[in-house]
Amino acid sequence: MAKHLVVALAYDRLCTFEFGCTVELFALDRPELGVDWYDFAVCAAEPGQIRAMGGITVQAPYAPELLEKADTIIIPGWRDADEPPPEELLALIRKAHERGARLCSICSGVFVLAAAGVLDGQRATTHWRYAERLARRFPKIMVQADDLYVDNGQVITSAGSAAGLDMLLHLVRRDYGARVGNLVAQRLVVAPHREGGQAQFLPRPMAHDEQGRLSKLMDWLRSNPAGPHTIASMAERAAMSARTLQRQFQDATGMGPIEWLTRERVAIAKDLLESPDIALSQVAERAGFGSEESLRHHFRRIVSTTPGAYRKAFLVTSNCVA
């Protein structure tokens with residue numbers, strides 16, 4: 001079976017960080033994973049010199065026509081959200097979409113997908129600084145301003161800069177399962193999955209001692225998800241009032257403490273479901289849900305599928321690229 005070809009777009013005034021993240025994820029050989037890794041290539045969005053941020057130049061080895069063969073196309077930002085992309089590029093994006101290629105954007109790269117019309121009627125995200133502009137210029141798009149990334153199946157968009165790593169790791173998990181995704185994250189020395197939205201990164205004042213207490217509490221909850229945690233018990237452990245705890249959780253994660261803990265429990269359940277030998281009742285108990293019914297309810301609400309379907313999908317996709 002032919003390898004899954006990932007093609008990254010390069011353009012003049014290239015966003016170096018987003019481009020580098022894409023190269024790091026897909027261009028390196030990863031024999032330690034024991035899977036048939038991606039093929040990776042870079043193509044130029046247009047003729048001419050490609051100058052990247054930081055004063056470097058990039059020589060893309062392939063012309064835009066390579067997009068016609070790509071299984072996944074990554075747009076690592078766009079040089080100016082107010083500058084229309086070349087029509088030739090947009091035509092190739094539309095053709096790729098029509099034949100079923102997977103289209104992904106990081107940060108301002110969403111404006112390329114939006115201009116191509118492939119996001120009409122769909123949800124999408126971008127950097128919080130661009131969200132209002134995207135919604136105003138492309139009213140057919142349902143802009144999810146707080147999300148780190150939005151997966152519509154064929155088209156996936158991510159928020160600014162480092163959120164691109166969240167999305168790219170999500171692609172790896174989709175294609176190879178959580179085990180491989182976690183191993184890649186370990187090699188990158190990043191969290192395999194970040195809960196919460198962009199709200200946690202907006203500038204908000206928080207006292208240093210409160211940051212430390214909240215961080216210690218979150219680490220403890222991740223290590224002890226199965227306890228009967230309440231806002232009162234969490235506030236007591238963090239040496240905060242319940243009101244302060246809820247405010248600081250909202251500022252730090254964009255959600256309340258109970259919702260954050262529920263999502264952490266779902267993330268733990270997803271990892272446990274990767275093993276076919278762990279019964280669903282054990283998954284529910286070890287993840288902190290207490291019952292299979294509670295696990296199913298929250299799993300469906302957050303992941304939009306059932307634990308059984310998630311496990312089945314992993315068993316099918318863990319040995320091949322989607």
# chains A, B, ... in the order shown; residues from 1 in each chain; ligands from 1
call {"tool": "select_by_dssp", "arguments": {"residues": "segment 47-178 of chain A", "states": "alpha helix (DSSP H)", "output": "PyMOL selection string"}}
result
chain A and resi 87-98+110-116+131-137+163-176+178
call {"tool": "closest_atom_pairs", "arguments": {"of": "segment 215-290 of chain A", "to": "segment 162-182 of chain A", "cutoff": "9 Å", "atoms": "only C-alpha atoms", "output": "Markdown table"}}
result
| residue | atom | partner | partner_atom | distance |
| --- | --- | --- | --- | --- |
| A:Lys270 | CA | A:Ala178 | CA | 7.7 |
| A:Asp271 | CA | A:Ala178 | CA | 6.5 |
| A:Glu274 | CA | A:Ala178 | CA | 6.9 |
call {"tool": "select_by_dssp", "arguments": {"residues": "segment 108-315 of chain A", "states": "strand (DSSP E or B)", "output": "list in words"}}
result
Arg123, Ala124, Met142, Val143, Tyr149, Val150, Asp151, Val155, Ile156, Thr157 and Ser158 of chain A
call {"tool": "atom_distance", "arguments": {"atom1": "atom CA of Ile258 of chain A", "atom2": "atom CA of Thr230 of chain A"}}
result
7.5 Å
call {"tool": "closest_residue", "arguments": {"among": "A:Leu183, A:Ile50, A:Leu245, A:Ala287", "to": "Arg30 of chain A", "atoms": "only C-alpha atoms"}}
result
A:Leu183
call {"tool": "residues_around", "arguments": {"residues": "Gly121 of chain A", "least_positions_apart": "6", "cutoff": "8 Å", "atoms": "only C-alpha atoms", "output": "CSV table (one decimal) with N, CA and C atoms, in the first residue's frame"}}
result
chain,number,residue,atom,x,y,z
A,140,LYS,N,-20.2,32.6,6.2
A,140,LYS,CA,-20.7,31.2,6.0
A,140,LYS,C,-20.0,30.2,6.9
A,141,ILE,N,-18.9,30.7,7.5
A,141,ILE,CA,-18.1,29.8,8.4
A,141,ILE,C,-18.6,30.0,9.8
A,142,MET,N,-18.7,28.9,10.5
A,142,MET,CA,-19.1,28.9,12.0
A,142,MET,C,-17.8,29.0,12.8
call {"tool": "closest_residue", "arguments": {"among": "A:Ala44, A:Leu9, A:Ala70, A:Leu25", "to": "Ser105 of chain A", "atoms": "only C-alpha atoms"}}
result
A:Leu9
call {"tool": "residues_around", "arguments": {"residues": "segment 144-159 of chain A", "least_positions_apart": "6", "cutoff": "7 Å", "atoms": "only C-alpha atoms", "output": "PyMOL selection string"}}
result
chain A and resi 102-107+110+123-128+131+167+197-199
call {"tool": "write_last_selection", "arguments": {"atoms": "N, CA, C and O atoms", "output": "compact mmCIF listing (two decimals), in the first residue's frame"}}
result
# COMPACT_ATOMS: atom_id res chain seq x y z
N ARG A 102 -7.24 15.42 2.69
CA ARG A 102 -7.42 16.06 3.99
C ARG A 102 -6.71 17.41 3.99
O ARG A 102 -5.53 17.51 3.64
N LEU A 103 -7.42 18.46 4.40
CA LEU A 103 -6.90 19.82 4.36
C LEU A 103 -6.78 20.36 5.78
O LEU A 103 -7.74 20.30 6.56
N CYS A 104 -5.60 20.88 6.11
CA CYS A 104 -5.34 21.33 7.48
C CYS A 104 -4.68 22.71 7.45
O CYS A 104 -3.81 22.97 6.62
N SER A 105 -5.06 23.56 8.38
CA SER A 105 -4.45 24.88 8.47
C SER A 105 -4.02 25.17 9.89
O SER A 105 -4.62 24.69 10.85
N ILE A 106 -2.95 25.96 10.01
CA ILE A 106 -2.48 26.44 11.30
C ILE A 106 -2.63 27.96 11.30
O ILE A 106 -2.22 28.63 10.36
N CYS A 107 -3.21 28.50 12.37
CA CYS A 107 -3.30 29.94 12.57
C CYS A 107 -3.95 30.63 11.37
O CYS A 107 -5.05 30.28 10.97
N VAL A 110 -5.99 29.41 7.88
CA VAL A 110 -7.41 29.21 7.67
C VAL A 110 -7.96 30.15 6.60
O VAL A 110 -8.95 29.82 5.92
N ARG A 123 -17.57 24.36 10.79
CA ARG A 123 -16.93 25.00 11.93
C ARG A 123 -15.44 25.15 11.64
O ARG A 123 -14.84 24.35 10.94
N ALA A 124 -14.83 26.19 12.20
CA ALA A 124 -13.40 26.41 12.01
C ALA A 124 -12.89 27.29 13.13
O ALA A 124 -13.66 27.99 13.80
N THR A 125 -11.58 27.26 13.33
CA THR A 125 -10.97 28.14 14.31
C THR A 125 -9.70 28.75 13.73
O THR A 125 -9.23 28.35 12.66
N THR A 126 -9.17 29.73 14.43
CA THR A 126 -7.91 30.38 14.08
C THR A 126 -7.40 31.07 15.34
O THR A 126 -8.00 30.94 16.41
N HIS A 127 -6.30 31.76 15.24
CA HIS A 127 -5.79 32.50 16.39
C HIS A 127 -6.85 33.47 16.89
O HIS A 127 -7.59 34.07 16.09
N TRP A 128 -6.96 33.62 18.21
CA TRP A 128 -8.02 34.47 18.76
C TRP A 128 -7.96 35.89 18.24
O TRP A 128 -8.98 36.58 18.17
N ALA A 131 -10.02 35.76 14.89
CA ALA A 131 -11.33 35.12 14.86
C ALA A 131 -12.44 36.06 14.39
O ALA A 131 -13.26 35.70 13.54
N MET A 167 -3.01 20.17 16.88
CA MET A 167 -3.73 19.63 15.73
C MET A 167 -2.92 18.55 15.04
O MET A 167 -3.46 17.48 14.67
N GLY A 197 -9.51 25.63 25.95
CA GLY A 197 -9.46 26.38 24.71
C GLY A 197 -8.47 27.52 24.77
O GLY A 197 -7.61 27.59 25.65
N GLN A 198 -8.60 28.44 23.82
CA GLN A 198 -7.68 29.57 23.74
C GLN A 198 -7.87 30.55 24.91
O GLN A 198 -6.98 31.35 25.19
N ALA A 199 -9.02 30.47 25.57
CA ALA A 199 -9.28 31.41 26.66
C ALA A 199 -8.20 31.33 27.74
O ALA A 199 -7.89 32.33 28.39
call {"tool": "closest_residue", "arguments": {"among": "A:His298, A:Gly288, A:Gly20, A:Asp277", "to": "Glu259 of chain A", "atoms": "only C-alpha atoms"}}
result
A:His298
call {"tool": "residues_around", "arguments": {"residues": "Val118 of chain A", "least_positions_apart": "3", "cutoff": "8 Å", "atoms": "only C-alpha atoms", "output": "ChimeraX atom specification"}}
result
/A:94,97,113-115,155
call {"tool": "residues_around", "arguments": {"residues": "Ile56 of chain A", "least_positions_apart": "6", "cutoff": "12 Å", "atoms": "only C-alpha atoms", "output": "PDB file with N, CA, C and O atoms, in the first residue's frame"}}
result
ATOM      1  N   ASP A  12       6.171  32.874   0.096  1.00  0.00           N
ATOM      2  CA  ASP A  12       7.006  34.000   0.485  1.00  0.00           C
ATOM      3  C   ASP A  12       6.492  34.612   1.780  1.00  0.00           C
ATOM      4  O   ASP A  12       5.288  34.703   2.005  1.00  0.00           O
ATOM      5  N   ARG A  13       7.440  35.001   2.670  1.00  0.00           N
ATOM      6  CA  ARG A  13       7.140  35.467   4.025  1.00  0.00           C
ATOM      7  C   ARG A  13       6.526  34.337   4.848  1.00  0.00           C
ATOM      8  O   ARG A  13       5.558  34.521   5.581  1.00  0.00           O
ATOM      9  N   LEU A  14       7.122  33.176   4.722  1.00  0.00           N
ATOM     10  CA  LEU A  14       6.657  31.960   5.373  1.00  0.00           C
ATOM     11  C   LEU A  14       6.674  32.083   6.895  1.00  0.00           C
ATOM     12  O   LEU A  14       7.615  32.630   7.472  1.00  0.00           O
ATOM     13  N   CYS A  15       5.649  31.563   7.561  1.00  0.00           N
ATOM     14  CA  CYS A  15       5.596  31.501   9.026  1.00  0.00           C
ATOM     15  C   CYS A  15       6.501  30.356   9.485  1.00  0.00           C
ATOM     16  O   CYS A  15       6.130  29.182   9.426  1.00  0.00           O
ATOM     17  N   THR A  16       7.690  30.705   9.940  1.00  0.00           N
ATOM     18  CA  THR A  16       8.738  29.710  10.174  1.00  0.00           C
ATOM     19  C   THR A  16       8.373  28.721  11.268  1.00  0.00           C
ATOM     20  O   THR A  16       8.617  27.519  11.132  1.00  0.00           O
ATOM     21  N   GLN A  49      11.012  33.689  -5.193  1.00  0.00           N
ATOM     22  CA  GLN A  49      11.776  33.456  -3.978  1.00  0.00           C
ATOM     23  C   GLN A  49      10.854  33.262  -2.771  1.00  0.00           C
ATOM     24  O   GLN A  49       9.810  33.890  -2.661  1.00  0.00           O
ATOM     25  N   ILE A  50      11.259  32.369  -1.887  1.00  0.00           N
ATOM     26  CA  ILE A  50      10.518  32.132  -0.656  1.00  0.00           C
ATOM     27  C   ILE A  50      11.375  32.619   0.506  1.00  0.00           C
ATOM     28  O   ILE A  50      12.363  31.976   0.881  1.00  0.00           O
TER      29      ILE A  50
END
call {"tool": "residues_around", "arguments": {"residues": "segment 82-93 of chain A", "least_positions_apart": "2", "cutoff": "9 Å", "atoms": "only C-alpha atoms", "output": "list in words"}}
result
Ala45, Glu46, Pro64, Glu65, Leu67, Glu68, Ile73, Trp78, Arg79, Asp80, Lys95, Ala96, His97, Glu98, Leu103, Phe111, Val112, Leu113, Ala115, Ala116, Gly117 and Val118 of chain A
call {"tool": "closest_residue", "arguments": {"among": "A:Gln282, A:Ser161, A:Ser223, A:Thr305", "to": "Cys21 of chain A", "atoms": "only C-alpha atoms"}}
result
A:Ser161
call {"tool": "closest_residue", "arguments": {"among": "A:Ala238, A:Thr72, A:Thr57, A:Ala63", "to": "Val6 of chain A", "atoms": "only C-alpha atoms"}}
result
A:Thr72
call {"tool": "closest_residue", "arguments": {"among": "A:Glu285, A:Glu236, A:Glu132, A:Asp251", "to": "Ala81 of chain A", "atoms": "only C-alpha atoms"}}
result
A:Glu132
call {"tool": "atom_distance", "arguments": {"atom1": "atom CA of Leu273 of chain A", "atom2": "atom CA of Ala185 of chain A"}}
result
18.6 Å
